[in-house]
Amino acid sequence: MTTYPKPAQPSRSRLEPEPMPRRDFLGLAAWWTAAAALLFGFLGAARLPKAAVLPSPSKRFRVRLPASLGSGQAYIPAGRSVVVFKETAGVYAISTVCTHLGCIVKATEKGFDCPCHGSKFNKDGPGVRGPAPKGLPWVEVKDLGGDNFLIDEGKTVAAGTSVVV
Ligand code: FES
């Protein structure tokens with residue numbers, strides 16, 4: 001058997017870096033690819049559109065009753081589903097959400113009418129005509145001084161509960 005001498009390695013400068021073995025190069029390339037994928041994933045998640053759902057307003061809100069509000073007159077704060085009354089006995093609020101299926105009732109001379117299925121309620125909330133199973137609930141009112149009140153649409157109180165001012 002004939003043996004051939006190995007070809008002479010070209011001489012390399014000591015300043016020249018060692019050539020990287022292919023296995024090491026592929027390992028490093030895999031790590032960099034995984035890191036780039038994670039980075040782009042996080043960037044994409046950060047750029048996702050935000051939910052297009054508006055937060056519902058708090059059920060507690062302040063209201064300043066107009067000075068011109070006469071005794072027994074209904075005052076409906078803008079964007080709210082309560083009606084506020086100021087009478088000599090005090091201030092109270094009644095929900096305007098129909099107890100049948102949740103439509104907003106309209107204030108009338110005699111009380112409240114539901115435009116959806118015709119329920120009628122008298123001025124203090126009890127139902128006069130169905131299909132609403134219950135009267136309109138009274139909601140909590142707190143006096144903040146002056147003509148300012150804190151109303152909590154989420155807390156019902158016994159009918160007839162009013163804040164003496
Ligand atoms: S929702 Fe008011 S009567 Fe049906």
# chains A, B, ... in the order shown; residues from 1 in each chain; ligands from 1

call {"tool": "residues_near_ligand", "arguments": {"ligand": "ligand 1", "cutoff": "7 Å", "atoms": "only C-alpha atoms and all ligand atoms", "output": "PyMOL selection string"}}
result
chain A and resi 98-103+105+114-119+130-132

call {"tool": "write_last_selection", "arguments": {"atoms": "all heavy atoms", "output": "CSV table (one decimal), in the first residue's frame"}}
result
chain,number,residue,atom,x,y,z
A,98,CYS,N,-86.0,49.3,32.8
A,98,CYS,CA,-87.2,48.5,33.0
A,98,CYS,C,-86.9,47.1,33.5
A,98,CYS,O,-85.9,46.5,33.1
A,98,CYS,CB,-87.9,48.4,31.6
A,98,CYS,SG,-89.4,47.5,31.7
A,99,THR,N,-87.7,46.7,34.4
A,99,THR,CA,-87.5,45.4,35.1
A,99,THR,C,-87.9,44.2,34.2
A,99,THR,O,-87.8,43.1,34.6
A,99,THR,CB,-88.2,45.3,36.5
A,99,THR,OG1,-89.5,45.7,36.3
A,99,THR,CG2,-87.5,46.3,37.4
A,100,HIS,N,-88.5,44.5,33.1
A,100,HIS,CA,-88.9,43.4,32.2
A,100,HIS,C,-87.6,42.9,31.4
A,100,HIS,O,-87.1,41.9,31.8
A,100,HIS,CB,-90.0,43.9,31.2
A,100,HIS,CG,-90.4,42.8,30.3
A,100,HIS,ND1,-90.7,43.1,29.0
A,100,HIS,CD2,-90.7,41.5,30.5
A,100,HIS,CE1,-91.1,41.9,28.4
A,100,HIS,NE2,-91.1,41.0,29.3
A,101,LEU,N,-87.2,43.7,30.4
A,101,LEU,CA,-86.0,43.3,29.6
A,101,LEU,C,-85.0,44.3,29.6
A,101,LEU,O,-84.1,44.2,28.7
A,101,LEU,CB,-86.5,42.8,28.2
A,101,LEU,CG,-87.3,41.6,28.2
A,101,LEU,CD1,-87.7,41.3,26.8
A,101,LEU,CD2,-86.5,40.4,28.8
A,102,GLY,N,-85.1,45.3,30.4
A,102,GLY,CA,-83.9,46.3,30.5
A,102,GLY,C,-84.0,47.5,29.6
A,102,GLY,O,-83.0,48.2,29.5
A,103,CYS,N,-85.1,47.8,28.9
A,103,CYS,CA,-85.2,49.0,28.2
A,103,CYS,C,-85.2,50.2,29.1
A,103,CYS,O,-85.5,50.1,30.3
A,103,CYS,CB,-86.5,49.1,27.3
A,103,CYS,SG,-86.5,47.9,26.0
A,105,VAL,N,-86.9,53.4,30.5
A,105,VAL,CA,-88.2,54.0,30.5
A,105,VAL,C,-88.2,55.5,30.3
A,105,VAL,O,-87.2,56.1,30.5
A,105,VAL,CB,-89.0,53.6,31.8
A,105,VAL,CG1,-89.1,52.1,32.0
A,105,VAL,CG2,-88.2,54.2,33.0
A,114,CYS,N,-92.6,52.3,29.5
A,114,CYS,CA,-91.5,51.6,28.8
A,114,CYS,C,-91.9,51.6,27.3
A,114,CYS,O,-92.9,51.1,27.0
A,114,CYS,CB,-91.3,50.2,29.3
A,114,CYS,SG,-90.0,49.3,28.5
A,115,PRO,N,-91.0,52.0,26.4
A,115,PRO,CA,-91.3,52.0,25.0
A,115,PRO,C,-91.2,50.7,24.4
A,115,PRO,O,-91.7,50.5,23.2
A,115,PRO,CB,-90.2,53.0,24.4
A,115,PRO,CG,-89.1,52.9,25.3
A,115,PRO,CD,-89.7,52.6,26.7
A,116,CYS,N,-90.6,49.7,25.0
A,116,CYS,CA,-90.4,48.4,24.4
A,116,CYS,C,-91.7,47.5,24.4
A,116,CYS,O,-92.1,47.1,23.3
A,116,CYS,CB,-89.3,47.7,25.0
A,116,CYS,SG,-87.7,48.5,24.8
A,117,HIS,N,-92.3,47.3,25.5
A,117,HIS,CA,-93.4,46.4,25.6
A,117,HIS,C,-94.6,47.0,26.3
A,117,HIS,O,-95.5,46.2,26.7
A,117,HIS,CB,-93.0,45.0,26.2
A,117,HIS,CG,-91.8,44.4,25.6
A,117,HIS,ND1,-90.6,44.4,26.2
A,117,HIS,CD2,-91.6,43.8,24.4
A,117,HIS,CE1,-89.7,43.9,25.4
A,117,HIS,NE2,-90.3,43.5,24.3
A,118,GLY,N,-94.5,48.3,26.6
A,118,GLY,CA,-95.7,48.9,27.2
A,118,GLY,C,-95.9,48.9,28.7
A,118,GLY,O,-97.0,49.3,29.1
A,119,SER,N,-94.9,48.5,29.4
A,119,SER,CA,-95.1,48.5,30.9
A,119,SER,C,-95.2,50.0,31.3
A,119,SER,O,-94.6,50.9,30.7
A,119,SER,CB,-93.9,47.9,31.6
A,119,SER,OG,-93.9,46.5,31.4
A,130,GLY,N,-98.1,45.6,33.3
A,130,GLY,CA,-97.1,44.7,32.9
A,130,GLY,C,-96.7,44.9,31.4
A,130,GLY,O,-97.1,45.8,30.8
A,131,PRO,N,-95.8,44.1,31.0
A,131,PRO,CA,-95.3,42.8,31.5
A,131,PRO,C,-94.2,42.9,32.5
A,131,PRO,O,-93.7,41.9,33.0
A,131,PRO,CB,-94.8,42.1,30.3
A,131,PRO,CG,-94.3,43.1,29.4
A,131,PRO,CD,-95.2,44.3,29.6
A,132,ALA,N,-93.7,44.1,32.9
A,132,ALA,CA,-92.6,44.2,33.9
A,132,ALA,C,-93.1,43.5,35.2
A,132,ALA,O,-94.1,43.8,35.7
A,132,ALA,CB,-92.3,45.6,34.1

call {"tool": "select_by_dssp", "arguments": {"residues": "region 23-158 of chain A", "states": "alpha helix (DSSP H)", "output": "ChimeraX atom specification"}}
result
/A:23-46

call {"tool": "closest_atom_pairs", "arguments": {"of": "region 17-82 of chain A", "to": "region 138-159 of chain A", "cutoff": "12 Å", "atoms": "only C-alpha atoms", "output": "tab-separated table"}}
result
residue	atom	partner	partner_atom	distance
A:Pro57	CA	A:Glu153	CA	10.9
A:Ser58	CA	A:Asp152	CA	8.7
A:Lys59	CA	A:Glu153	CA	5.1
A:Arg60	CA	A:Asp152	CA	4.2
A:Phe61	CA	A:Ile151	CA	5.5
A:Arg62	CA	A:Leu150	CA	4.5
A:Val63	CA	A:Phe149	CA	5.3
A:Arg64	CA	A:Asn148	CA	4.4
A:Leu65	CA	A:Asp147	CA	5.5
A:Pro66	CA	A:Asp147	CA	7.7
A:Ala67	CA	A:Asp147	CA	7.8
A:Ser68	CA	A:Asp147	CA	11.2
A:Leu69	CA	A:Asp147	CA	10.6
A:Ile76	CA	A:Ile151	CA	11.8
A:Pro77	CA	A:Ile151	CA	10.3
A:Arg80	CA	A:Glu153	CA	8.6
A:Ser81	CA	A:Glu153	CA	7.7
A:Val82	CA	A:Glu153	CA	7.1

call {"tool": "write_last_selection", "arguments": {"atoms": "N, CA and C atoms", "output": "tab-separated table (two decimals), in the first residue's frame"}}
result
chain	number	residue	atom	x	y	z
A	57	PRO	N	-68.91	53.02	31.94
A	57	PRO	CA	-68.73	54.05	32.97
A	57	PRO	C	-69.08	53.49	34.34
A	58	SER	N	-68.50	54.09	35.35
A	58	SER	CA	-68.77	53.65	36.71
A	58	SER	C	-70.24	53.86	37.03
A	59	LYS	N	-70.75	52.98	37.86
A	59	LYS	CA	-72.16	53.13	38.25
A	59	LYS	C	-72.32	54.19	39.32
A	60	ARG	N	-71.21	54.60	39.93
A	60	ARG	CA	-71.26	55.67	40.93
A	60	ARG	C	-70.87	56.97	40.25
A	61	PHE	N	-71.63	57.99	40.46
A	61	PHE	CA	-71.31	59.27	39.84
A	61	PHE	C	-71.85	60.42	40.69
A	62	ARG	N	-71.22	61.56	40.49
A	62	ARG	CA	-71.67	62.77	41.18
A	62	ARG	C	-72.66	63.49	40.28
A	63	VAL	N	-73.60	64.13	40.90
A	63	VAL	CA	-74.54	64.93	40.13
A	63	VAL	C	-74.80	66.21	40.90
A	64	ARG	N	-74.88	67.29	40.17
A	64	ARG	CA	-75.23	68.58	40.77
A	64	ARG	C	-76.61	68.93	40.25
A	65	LEU	N	-77.55	69.00	41.16
A	65	LEU	CA	-78.93	69.28	40.75
A	65	LEU	C	-79.03	70.75	40.35
A	66	PRO	N	-79.70	71.03	39.24
A	66	PRO	CA	-79.86	72.43	38.85
A	66	PRO	C	-80.68	73.19	39.88
A	67	ALA	N	-80.30	74.43	40.12
A	67	ALA	CA	-81.01	75.25	41.12
A	67	ALA	C	-82.46	75.47	40.71
A	68	SER	N	-82.72	75.42	39.40
A	68	SER	CA	-84.08	75.67	38.91
A	68	SER	C	-84.98	74.44	39.03
A	69	LEU	N	-84.44	73.33	39.53
A	69	LEU	CA	-85.25	72.10	39.60
A	69	LEU	C	-86.35	72.28	40.66
A	76	ILE	N	-82.89	63.95	34.90
A	76	ILE	CA	-82.17	62.77	34.40
A	76	ILE	C	-80.76	63.21	34.03
A	77	PRO	N	-79.76	62.80	34.81
A	77	PRO	CA	-78.37	63.15	34.46
A	77	PRO	C	-78.01	62.57	33.09
A	80	ARG	N	-76.98	58.75	31.96
A	80	ARG	CA	-77.23	57.85	33.10
A	80	ARG	C	-78.62	57.28	33.03
A	81	SER	N	-78.83	56.18	33.72
A	81	SER	CA	-80.14	55.54	33.69
A	81	SER	C	-80.81	55.62	35.06
A	82	VAL	N	-80.83	56.82	35.59
A	82	VAL	CA	-81.58	57.10	36.82
A	82	VAL	C	-82.30	58.42	36.64

call {"tool": "select_by_dssp", "arguments": {"residues": "chain A", "states": "strand (DSSP E or B)", "output": "number ranges by chain"}}
result
A: 60-64, 74-75, 82-87, 90-95, 97, 104, 106-107, 111-113, 120-122, 127-129, 138-145, 148-157, 163

call {"tool": "atom_distance", "arguments": {"atom1": "CA of Asp124 (chain A)", "atom2": "CA of Ile94 (chain A)"}}
result
7.8 Å

call {"tool": "atom_distance", "arguments": {"atom1": "CA of Pro126 (chain A)", "atom2": "CA of Thr108 (chain A)"}}
result
14.3 Å
